[in-house]
$ cat data.pdb   # PDB, C-alpha atoms
ATOM      1  CA  MET F 721     -33.916 150.179 140.094
ATOM      2  CA  GLN F 722     -32.932 147.578 137.526
ATOM      3  CA  THR F 723     -34.833 144.312 137.607
ATOM      4  CA  THR F 724     -33.958 140.685 136.956
ATOM      5  CA  ARG F 725     -36.014 137.680 135.918
ATOM      6  CA  GLN F 726     -36.329 134.770 138.323
ATOM      7  CA  TRP F 727     -38.446 131.691 138.979
ATOM      8  CA  GLN F 728     -40.780 132.246 141.935
ATOM      9  CA  THR F 729     -43.612 130.607 143.839
ATOM     10  CA  GLU F 730     -46.000 132.101 146.400
ATOM     11  CA  ALA F 731     -46.694 128.780 148.120
ATOM     12  CA  ILE F 732     -45.280 125.303 148.676
ATOM     13  CA  GLY F 733     -46.893 121.892 148.469
ATOM     14  CA  PRO F 734     -49.307 120.601 145.812
ATOM     15  CA  GLU F 735     -50.465 124.170 145.195
ATOM     16  CA  ALA F 736     -46.962 125.424 144.421
ATOM     17  CA  ASP F 737     -47.073 127.214 141.077
ATOM     18  CA  LEU F 738     -43.671 128.196 139.741
ATOM     19  CA  LYS F 739     -43.732 131.228 137.460
ATOM     20  CA  ILE F 740     -41.194 133.592 135.960
ATOM     21  CA  GLY F 741     -41.355 136.918 137.795
ATOM     22  CA  GLU F 742     -39.208 139.986 138.326
ATOM     23  CA  ALA F 743     -37.295 141.369 141.280
ATOM     24  CA  GLY F 744     -35.191 144.452 141.837
ATOM     25  CA  ILE F 745     -31.401 144.283 141.667
ATOM     26  CA  PRO F 746     -29.933 145.988 144.775
ATOM     27  CA  GLU F 747     -27.054 148.416 144.541
ATOM     28  CA  VAL F 748     -23.593 146.922 145.036
ATOM     29  CA  SER F 749     -21.957 148.243 148.209
ATOM     30  CA  GLY F 750     -19.542 147.186 150.952
ATOM     31  CA  THR F 751     -18.464 143.565 150.512
ATOM     32  CA  MET F 752     -21.302 142.726 148.115
ATOM     33  CA  VAL F 753     -20.834 141.388 144.587
ATOM     34  CA  ARG F 754     -23.272 141.286 141.674
ATOM     35  CA  VAL F 755     -23.208 137.998 139.807
ATOM     36  CA  ARG F 756     -24.866 137.200 136.483
ATOM     37  CA  THR F 757     -26.088 133.612 136.639
ATOM     38  CA  GLN F 758     -25.055 131.333 133.786
ATOM     39  CA  ALA F 759     -26.239 127.934 135.005
ATOM     40  CA  VAL F 760     -28.169 126.308 137.867
ATOM     41  CA  SER F 761     -27.940 122.632 138.827
ATOM     42  CA  LEU F 762     -31.027 120.965 140.326
ATOM     43  CA  ASN F 763     -30.944 118.638 143.328
ATOM     44  CA  PHE F 764     -33.469 116.221 144.839
ATOM     45  CA  ARG F 765     -33.552 118.551 147.846
ATOM     46  CA  ASP F 766     -35.004 121.308 145.652
ATOM     47  CA  ARG F 767     -37.980 119.042 145.010
ATOM     48  CA  LEU F 768     -38.402 118.341 148.747
ATOM     49  CA  VAL F 769     -38.362 122.052 149.614
ATOM     50  CA  LEU F 770     -41.032 122.833 147.007
ATOM     51  CA  GLU F 771     -43.206 119.900 148.121
ATOM     52  CA  SER F 772     -42.980 120.297 151.897
ATOM     53  CA  GLY F 773     -40.829 123.264 152.873
ATOM     54  CA  MET F 774     -38.752 120.832 154.955
ATOM     55  CA  GLY F 775     -39.749 122.789 158.070
ATOM     56  CA  LEU F 776     -37.858 125.864 156.884
ATOM     57  CA  ARG F 777     -38.952 129.478 157.225
ATOM     58  CA  LEU F 778     -39.175 130.369 153.568
ATOM     59  CA  GLN F 779     -39.362 133.902 152.224
ATOM     60  CA  PHE F 780     -42.124 134.484 149.662
ATOM     61  CA  PRO F 781     -42.078 134.874 146.785
ATOM     62  CA  PHE F 782     -39.719 131.935 147.148
ATOM     63  CA  VAL F 783     -36.900 131.379 144.627
ATOM     64  CA  PRO F 784     -35.788 127.706 144.576
ATOM     65  CA  ALA F 785     -32.468 125.885 144.018
ATOM     66  CA  SER F 786     -29.089 126.206 145.719
ATOM     67  CA  ASP F 787     -26.377 125.557 143.128
ATOM     68  CA  MET F 788     -25.264 128.042 140.497
ATOM     69  CA  ALA F 789     -22.345 129.222 138.417
ATOM     70  CA  GLY F 790     -21.963 132.737 137.057
ATOM     71  CA  VAL F 791     -19.767 135.730 136.328
ATOM     72  CA  VAL F 792     -19.018 138.641 138.648
ATOM     73  CA  GLU F 793     -20.296 141.841 137.032
ATOM     74  CA  ALA F 794     -19.597 144.382 139.786
ATOM     75  CA  VAL F 795     -18.040 144.483 143.251
ATOM     76  CA  GLY F 796     -18.429 146.738 146.273
ATOM     77  CA  PRO F 797     -15.531 148.950 147.447
ATOM     78  CA  ASP F 798     -14.624 146.586 150.299
ATOM     79  CA  VAL F 799     -14.525 143.371 148.260
ATOM     80  CA  THR F 800     -11.166 141.554 148.343
ATOM     81  CA  ARG F 801     -11.941 138.035 147.091
ATOM     82  CA  PHE F 802     -13.213 138.742 143.559
ATOM     83  CA  LYS F 803     -13.043 141.168 140.671
ATOM     84  CA  PRO F 804     -15.367 141.787 137.703
ATOM     85  CA  GLY F 805     -15.064 138.990 135.164
ATOM     86  CA  ASP F 806     -14.282 136.261 137.694
ATOM     87  CA  ARG F 807     -16.187 133.004 137.203
ATOM     88  CA  VAL F 808     -17.742 131.879 140.493
ATOM     89  CA  ILE F 809     -19.958 129.211 142.020
ATOM     90  CA  SER F 810     -22.286 129.477 145.000
ATOM     91  CA  THR F 811     -21.756 127.958 148.436
ATOM     92  CA  PHE F 812     -24.549 125.759 149.810
ATOM     93  CA  SER F 813     -24.145 126.877 153.455
ATOM     94  CA  PRO F 814     -22.989 130.510 153.285
ATOM     95  CA  ASP F 815     -22.316 130.727 157.043
ATOM     96  CA  TRP F 816     -20.059 127.647 157.179
ATOM     97  CA  ILE F 817     -16.560 128.621 156.072
ATOM     98  CA  GLU F 818     -14.469 125.867 157.675
ATOM     99  CA  GLY F 819     -14.149 123.602 160.696
ATOM    100  CA  ARG F 820     -16.985 122.745 163.016
ATOM    101  CA  GLY F 821     -20.392 123.603 161.632
ATOM    102  CA  PRO F 822     -22.512 126.373 163.176
ATOM    103  CA  GLY F 823     -25.613 125.673 165.226
ATOM    104  CA  THR F 824     -26.308 123.953 168.558
ATOM    105  CA  ALA F 825     -27.460 120.566 169.808
ATOM    106  CA  ARG F 826     -30.974 121.978 170.244
ATOM    107  CA  THR F 827     -30.990 123.831 166.939
ATOM    108  CA  PRO F 828     -28.739 122.255 164.286
ATOM    109  CA  HIS F 829     -27.761 124.670 161.556
ATOM    110  CA  TYR F 830     -29.669 124.472 158.270
ATOM    111  CA  GLN F 831     -29.403 127.984 156.870
ATOM    112  CA  THR F 832     -28.740 127.193 153.238
ATOM    113  CA  ARG F 833     -29.384 128.594 149.791
ATOM    114  CA  GLY F 834     -32.700 127.624 148.245
ATOM    115  CA  GLY F 835     -34.284 127.248 151.680
ATOM    116  CA  PHE F 836     -33.671 129.533 154.647
ATOM    117  CA  TYR F 837     -31.938 131.885 152.211
ATOM    118  CA  PRO F 838     -33.421 132.662 148.768
ATOM    119  CA  GLY F 839     -32.404 130.342 145.939
ATOM    120  CA  VAL F 840     -30.405 130.912 142.794
ATOM    121  CA  LEU F 841     -32.927 130.579 139.929
ATOM    122  CA  SER F 842     -32.493 134.272 139.214
ATOM    123  CA  GLU F 843     -30.626 135.926 136.352
ATOM    124  CA  HIS F 844     -28.752 138.207 138.787
ATOM    125  CA  THR F 845     -27.905 138.149 142.483
ATOM    126  CA  VAL F 846     -26.262 140.684 144.792
ATOM    127  CA  LEU F 847     -24.768 138.943 147.812
ATOM    128  CA  SER F 848     -21.747 138.950 150.117
ATOM    129  CA  GLU F 849     -18.449 137.895 148.590
ATOM    130  CA  GLN F 850     -18.320 135.222 151.311
ATOM    131  CA  TRP F 851     -21.191 133.369 149.589
ATOM    132  CA  PHE F 852     -19.123 132.408 146.543
ATOM    133  CA  THR F 853     -15.899 130.703 145.540
ATOM    134  CA  LEU F 854     -13.996 130.658 142.273
ATOM    135  CA  ALA F 855     -15.208 128.155 139.674
ATOM    136  CA  PRO F 856     -12.855 125.530 138.216
ATOM    137  CA  ALA F 857     -10.993 126.828 135.180
ATOM    138  CA  THR F 858     -11.448 123.494 133.387
ATOM    139  CA  LEU F 859     -15.267 123.345 133.535
ATOM    140  CA  ASP F 860     -17.953 125.257 131.685
ATOM    141  CA  ALA F 861     -20.675 127.013 133.685
ATOM    142  CA  ALA F 862     -23.145 124.109 133.555
ATOM    143  CA  GLU F 863     -20.516 121.646 134.783
ATOM    144  CA  ALA F 864     -19.286 124.020 137.493
ATOM    145  CA  SER F 865     -22.831 124.536 138.796
ATOM    146  CA  THR F 866     -22.998 120.861 139.843
ATOM    147  CA  LEU F 867     -20.221 121.183 142.439
ATOM    148  CA  PRO F 868     -21.713 123.167 145.384
ATOM    149  CA  CYS F 869     -24.106 120.451 146.610
ATOM    150  CA  ALA F 870     -23.740 117.117 144.801
ATOM    151  CA  GLY F 871     -20.013 117.362 144.176
ATOM    152  CA  LEU F 872     -19.148 118.691 147.626
ATOM    153  CA  THR F 873     -21.342 116.103 149.378
ATOM    154  CA  ALA F 874     -19.410 113.237 147.804
ATOM    155  CA  TRP F 875     -16.076 114.985 148.393
ATOM    156  CA  PHE F 876     -16.883 115.750 152.027
ATOM    157  CA  ALA F 877     -17.946 112.146 152.694
ATOM    158  CA  LEU F 878     -14.996 110.436 151.019
ATOM    159  CA  ILE F 879     -12.104 112.901 151.321
ATOM    160  CA  GLU F 880     -12.734 115.524 154.013
ATOM    161  CA  CYS F 881     -14.279 113.099 156.535
ATOM    162  CA  GLY F 882     -13.497 109.684 155.089
ATOM    163  CA  ARG F 883      -9.773 110.142 154.397
ATOM    164  CA  LEU F 884     -10.122 107.841 151.397
ATOM    165  CA  LYS F 885      -6.920 106.112 150.310
ATOM    166  CA  ALA F 886      -5.877 104.104 147.276
ATOM    167  CA  GLY F 887      -7.127 100.522 147.375
ATOM    168  CA  ASP F 888     -10.153 101.244 149.572
ATOM    169  CA  LYS F 889     -13.399  99.581 148.527
ATOM    170  CA  VAL F 890     -16.173 102.138 147.954
ATOM    171  CA  LEU F 891     -19.844 101.224 147.555
ATOM    172  CA  VAL F 892     -21.950 103.769 145.669
ATOM    173  CA  GLN F 893     -25.742 103.477 145.609
ATOM    174  CA  GLY F 894     -27.501 104.505 142.417
ATOM    175  CA  THR F 895     -26.497 106.758 139.532
ATOM    176  CA  GLY F 896     -27.700 110.202 140.602
ATOM    177  CA  GLY F 897     -25.530 113.270 141.007
ATOM    178  CA  VAL F 898     -23.909 112.481 144.371
ATOM    179  CA  ALA F 899     -23.425 108.826 143.439
ATOM    180  CA  LEU F 900     -21.577 109.563 140.197
ATOM    181  CA  PHE F 901     -19.425 112.205 141.866
ATOM    182  CA  GLY F 902     -18.602 109.573 144.487
ATOM    183  CA  LEU F 903     -17.609 107.159 141.734
ATOM    184  CA  GLN F 904     -15.399 109.696 139.957
ATOM    185  CA  ILE F 905     -13.757 111.051 143.115
ATOM    186  CA  ALA F 906     -13.078 107.547 144.428
ATOM    187  CA  LYS F 907     -11.504 106.446 141.138
ATOM    188  CA  ALA F 908      -9.368 109.588 141.013
ATOM    189  CA  HIS F 909      -7.943 108.553 144.403
ATOM    190  CA  GLY F 910      -7.209 104.968 143.379
ATOM    191  CA  ALA F 911     -10.142 103.267 145.094
ATOM    192  CA  GLU F 912     -12.036 100.176 143.944
ATOM    193  CA  VAL F 913     -15.644 101.136 143.231
ATOM    194  CA  PHE F 914     -18.789  99.013 143.477
ATOM    195  CA  ILE F 915     -22.009 100.572 142.171
ATOM    196  CA  THR F 916     -25.623  99.458 142.533
ATOM    197  CA  SER F 917     -28.561 100.223 140.257
ATOM    198  CA  GLY F 918     -31.763  98.652 139.043
ATOM    199  CA  SER F 919     -30.957  99.612 135.448
ATOM    200  CA  THR F 920     -28.600  97.577 133.275
ATOM    201  CA  GLU F 921     -28.229 100.529 130.908
ATOM    202  CA  LYS F 922     -27.204 102.870 133.730
ATOM    203  CA  LEU F 923     -24.758 100.309 135.092
ATOM    204  CA  GLU F 924     -23.119 100.090 131.679
ATOM    205  CA  ARG F 925     -22.775 103.865 131.602
ATOM    206  CA  ALA F 926     -21.262 103.763 135.105
ATOM    207  CA  SER F 927     -18.769 101.179 133.879
ATOM    208  CA  ALA F 928     -17.682 103.614 131.167
ATOM    209  CA  LEU F 929     -16.946 106.135 133.950
ATOM    210  CA  GLY F 930     -14.630 103.644 135.639
ATOM    211  CA  ALA F 931     -16.792 101.611 138.036
ATOM    212  CA  ASP F 932     -14.974  98.354 138.787
ATOM    213  CA  HIS F 933     -17.966  96.214 139.785
ATOM    214  CA  LEU F 934     -21.606  96.511 138.708
ATOM    215  CA  ILE F 935     -24.367  95.257 141.023
ATOM    216  CA  ASN F 936     -27.913  95.023 139.654
ATOM    217  CA  ARG F 937     -30.207  95.132 142.672
ATOM    218  CA  HIS F 938     -32.977  93.483 140.627
ATOM    219  CA  GLU F 939     -30.855  90.380 140.161
ATOM    220  CA  GLY F 940     -30.794  89.108 143.745
ATOM    221  CA  ASP F 941     -29.725  90.464 147.121
ATOM    222  CA  TRP F 942     -27.237  93.227 146.352
ATOM    223  CA  VAL F 943     -25.475  92.795 149.718
ATOM    224  CA  GLU F 944     -24.857  89.122 148.937
ATOM    225  CA  GLN F 945     -23.500  90.174 145.545
ATOM    226  CA  LEU F 946     -21.102  92.546 147.321
ATOM    227  CA  TYR F 947     -20.002  89.775 149.690
ATOM    228  CA  HIS F 948     -19.301  87.530 146.701
ATOM    229  CA  LEU F 949     -17.279  90.203 144.906
ATOM    230  CA  THR F 950     -15.199  91.049 147.995
ATOM    231  CA  GLY F 951     -14.745  87.589 149.501
ATOM    232  CA  ASP F 952     -17.052  88.622 152.395
ATOM    233  CA  TYR F 953     -14.873  91.661 153.174
ATOM    234  CA  GLY F 954     -17.557  94.260 152.450
ATOM    235  CA  ALA F 955     -17.000  97.949 151.676
ATOM    236  CA  ASP F 956     -14.644 100.317 153.476
ATOM    237  CA  HIS F 957     -16.859 103.264 152.508
ATOM    238  CA  VAL F 958     -20.603 103.142 151.889
ATOM    239  CA  LEU F 959     -22.368 106.177 150.435
ATOM    240  CA  GLU F 960     -25.839 105.606 151.930
ATOM    241  CA  ILE F 961     -28.033 107.618 149.595
ATOM    242  CA  VAL F 962     -31.371 105.802 149.965
ATOM    243  CA  GLY F 963     -32.202 106.619 153.594
ATOM    244  CA  GLY F 964     -34.980 105.297 155.836
ATOM    245  CA  PRO F 965     -34.732 101.604 156.775
ATOM    246  CA  HIS F 966     -32.174 101.109 153.990
ATOM    247  CA  LEU F 967     -29.505 102.009 156.542
ATOM    248  CA  GLY F 968     -29.881  98.399 157.658
ATOM    249  CA  GLN F 969     -28.580  97.221 154.295
ATOM    250  CA  ALA F 970     -25.625  99.600 154.557
ATOM    251  CA  LEU F 971     -24.783  98.148 157.989
ATOM    252  CA  LYS F 972     -24.730  94.694 156.447
ATOM    253  CA  ALA F 973     -22.561  95.849 153.539
ATOM    254  CA  VAL F 974     -19.953  97.850 155.437
ATOM    255  CA  ALA F 975     -16.624  96.256 156.300
ATOM    256  CA  VAL F 976     -15.427  95.810 159.884
ATOM    257  CA  ASN F 977     -14.381  99.274 161.123
ATOM    258  CA  GLY F 978     -15.579 100.774 157.831
ATOM    259  CA  ARG F 979     -17.515 103.983 157.290
ATOM    260  CA  ILE F 980     -21.115 104.750 156.300
ATOM    261  CA  SER F 981     -21.873 108.263 155.094
ATOM    262  CA  VAL F 982     -25.594 108.899 155.508
ATOM    263  CA  ILE F 983     -26.575 111.279 152.723
ATOM    264  CA  GLY F 984     -29.965 110.587 151.141
ATOM    265  CA  VAL F 985     -33.566 110.445 152.317
ATOM    266  CA  PHE F 986     -35.310 108.865 149.316
ATOM    267  CA  GLU F 987     -37.011 106.314 151.591
ATOM    268  CA  GLY F 988     -37.628 108.614 154.542
ATOM    269  CA  PHE F 989     -36.043 110.796 157.200
ATOM    270  CA  ASP F 990     -36.305 108.207 159.994
ATOM    271  CA  VAL F 991     -33.320 105.913 159.494
ATOM    272  CA  SER F 992     -33.191 102.478 161.115
ATOM    273  CA  GLY F 993     -31.131  99.309 161.104
ATOM    274  CA  PRO F 994     -30.118  96.276 163.154
ATOM    275  CA  ALA F 995     -27.927  96.735 166.220
ATOM    276  CA  ALA F 996     -25.825  93.584 165.753
ATOM    277  CA  PRO F 997     -23.686  94.692 162.774
ATOM    278  CA  LEU F 998     -23.468  98.187 164.257
ATOM    279  CA  LEU F 999     -22.021  96.820 167.490
ATOM    280  CA  LEU F1000     -19.951  93.951 166.092
ATOM    281  CA  LYS F1001     -18.409  95.764 163.107
ATOM    282  CA  ALA F1002     -18.019  99.099 164.934
ATOM    283  CA  PRO F1003     -18.294 101.216 161.779
ATOM    284  CA  ILE F1004     -18.320 104.995 161.763
ATOM    285  CA  VAL F1005     -21.808 106.160 160.778
ATOM    286  CA  GLN F1006     -21.671 109.839 159.876
ATOM    287  CA  GLY F1007     -24.350 112.158 158.596
ATOM    288  CA  ILE F1008     -23.193 114.378 155.739
ATOM    289  CA  SER F1009     -24.806 117.812 155.399
ATOM    290  CA  VAL F1010     -22.961 118.817 152.203
ATOM    291  CA  GLY F1011     -19.853 120.655 153.520
ATOM    292  CA  HIS F1012     -18.045 123.928 154.187
ATOM    293  CA  ARG F1013     -16.551 126.471 151.794
ATOM    294  CA  ARG F1014     -12.938 125.490 152.346
ATOM    295  CA  ALA F1015     -13.710 121.913 151.289
ATOM    296  CA  LEU F1016     -15.468 123.252 148.190
ATOM    297  CA  GLU F1017     -12.310 125.195 147.339
ATOM    298  CA  ASP F1018     -10.320 121.967 147.789
ATOM    299  CA  LEU F1019     -12.712 120.199 145.404
ATOM    300  CA  VAL F1020     -12.322 122.972 142.818
ATOM    301  CA  ARG F1021      -8.535 122.566 142.891
ATOM    302  CA  ALA F1022      -8.861 118.784 142.607
ATOM    303  CA  VAL F1023     -11.182 119.098 139.609
ATOM    304  CA  ASP F1024      -8.691 121.309 137.802
ATOM    305  CA  ARG F1025      -5.787 118.974 138.613
ATOM    306  CA  THR F1026      -7.472 115.661 137.775
ATOM    307  CA  GLY F1027      -9.624 116.708 134.834
ATOM    308  CA  LEU F1028     -12.787 115.368 136.457
ATOM    309  CA  LYS F1029     -15.850 116.149 134.327
ATOM    310  CA  PRO F1030     -19.235 116.156 136.084
ATOM    311  CA  VAL F1031     -21.889 114.011 134.426
ATOM    312  CA  ILE F1032     -24.816 116.056 133.076
ATOM    313  CA  ASP F1033     -27.773 114.030 131.853
ATOM    314  CA  LYS F1034     -29.432 116.988 130.139
ATOM    315  CA  ARG F1035     -29.229 120.771 129.896
ATOM    316  CA  TYR F1036     -32.404 122.870 129.751
ATOM    317  CA  ALA F1037     -33.059 126.511 128.928
ATOM    318  CA  PHE F1038     -34.159 128.957 131.638
ATOM    319  CA  GLU F1039     -37.758 128.858 130.419
ATOM    320  CA  GLU F1040     -37.800 125.029 130.558
ATOM    321  CA  LEU F1041     -37.629 124.678 134.352
ATOM    322  CA  PRO F1042     -40.866 122.608 134.606
ATOM    323  CA  GLN F1043     -39.493 120.085 132.096
ATOM    324  CA  ALA F1044     -36.189 119.997 133.998
ATOM    325  CA  PHE F1045     -37.997 119.204 137.260
ATOM    326  CA  ASP F1046     -39.940 116.450 135.498
ATOM    327  CA  HIS F1047     -36.612 114.975 134.392
ATOM    328  CA  LEU F1048     -35.301 115.209 137.956
ATOM    329  CA  TYR F1049     -38.346 113.306 139.259
ATOM    330  CA  ARG F1050     -37.729 110.492 136.748
ATOM    331  CA  GLY F1051     -34.245 109.829 138.094
ATOM    332  CA  PRO F1052     -31.468 111.193 135.879
ATOM    333  CA  PHE F1053     -28.061 109.660 135.231
ATOM    334  CA  GLY F1054     -26.019 112.385 136.888
ATOM    335  CA  LYS F1055     -27.211 115.987 136.936
ATOM    336  CA  VAL F1056     -29.974 118.100 135.393
ATOM    337  CA  VAL F1057     -28.887 121.673 134.660
ATOM    338  CA  ILE F1058     -30.635 124.929 133.676
ATOM    339  CA  GLU F1059     -28.605 127.189 131.382
ATOM    340  CA  PHE F1060     -29.274 130.950 131.242
TER     341      PHE F1060
END

$ encode --input "data.pdb" --output "structure tokens"
Amino acid sequence: MQTTRQWQTEAIGPEADLKIGEAGIPEVSGTMVRVRTQAVSLNFRDRLVLESGMGLRLQFPFVPASDMAGVVEAVGPDVTRFKPGDRVISTFSPDWIEGRGPGTARTPHYQTRGGFYPGVLSEHTVLSEQWFTLAPATLDAAEASTLPCAGLTAWFALIECGRLKAGDKVLVQGTGGVALFGLQIAKAHGAEVFITSGSTEKLERASALGADHLINRHEGDWVEQLYHLTGDYGADHVLEIVGGPHLGQALKAVAVNGRISVIGVFEGFDVSGPAAPLLLKAPIVQGISVGHRRALEDLVRAVDRTGLKPVIDKRYAFEELPQAFDHLYRGPFGKVVIEF
């Protein structure tokens, strides 16, 4: 059996020790495709899985990360969606093709790549054709690898669920991967974008991407700054990326009958906020768990039509994964990508 190199760990938590190991490459049969990985994009979630496991049943040796781009090398006899040479990207939730998500009220679905299923930090994978979609023709592999989680999360919040329209006011928190995708997607749809950050330098870079209003959260109450900029209107869409008790700030910032997309957990998994603005403004507060494959295909088409270019803070070589994770922990402007 042929083998492939991959990053692995035998444990999670403080004792997690990522090393380059080898694994066998299965034969291609049925509806399986063999993909040669070209790039992997890191997400904050990858850090959480390595630190805590997030309550998931991980398979050891565990291969981290969920987002990749690559080239189809071989296909099984029953494959209909791809052919050798096709450029593809992974899907975050392989079992969620479209519509209502799988799972039950007792057991919500969280069977994703780089968690319940093995991750993508491997030079080759052999998986079902259903686990991939075509990559945008206008992006290189590193750029395309940023779409499955960060890109789709912003798209799902603003377009698939939020039905964003031109002229809407969109508040984006921070300058990480999801935030900058939110900025770019909102601008592509004619929205007015407000962005918060504690870094003047990052705000200036966000302005160059098209942000209409820059809010430095170290220069006073950022909600009051938003009120001032909007004449007390607030934001039609709030991408709530901080999590924890910060939901209370989002409830203050959202416009009457606006929408809050709860995405991040930087300040904790237990979200909280005051009841008064929730009741009096009657906003939609929706949790966003990335999105389904059909929405990812919609995003790919939109990227090719609009010329959207994902923001990559830095690209690292395969052997430089530890340095890439260090960069991720420091808070990048956009995405951190591993190139193979």

$ residues_around --input "data.pdb" --residues "F:Gly993" --least-positions-apart "3" --cutoff "10 Å" --atoms "only C-alpha atoms" --output "VMD selection string"
chain F and resid 964 to 972 996 to 998

$ atom_distance --input "data.pdb" --atom1 "atom CA of F:Thr800" --atom2 "atom CA of F:Trp851"
13.0 Å

$ closest_residue --input "data.pdb" --among "F:Glu730, F:Asp798, F:Glu747, F:Glu818" --to "F:Pro781" --atoms "only C-alpha atoms"
F:Glu730

$ closest_residue --input "data.pdb" --among "F:Val1056, F:Cys881, F:Leu1048, F:Val943" --to "F:Arg1035" --atoms "all atoms listed in the file"
F:Val1056

$ resolve_selection --input "data.pdb" --expression "the PyMOL selection byres ((chain F and resi 1033) around 9)" --output "tab-separated table (two decimals) with C-alpha atoms, in the coordinates of the input"
chain	number	residue	atom	x	y	z
F	1031	VAL	CA	-21.89	114.01	134.43
F	1032	ILE	CA	-24.82	116.06	133.08
F	1034	LYS	CA	-29.43	116.99	130.14
F	1035	ARG	CA	-29.23	120.77	129.90
F	1052	PRO	CA	-31.47	111.19	135.88
F	1053	PHE	CA	-28.06	109.66	135.23
F	1054	GLY	CA	-26.02	112.38	136.89
F	1055	LYS	CA	-27.21	115.99	136.94
F	1056	VAL	CA	-29.97	118.10	135.39
F	1057	VAL	CA	-28.89	121.67	134.66
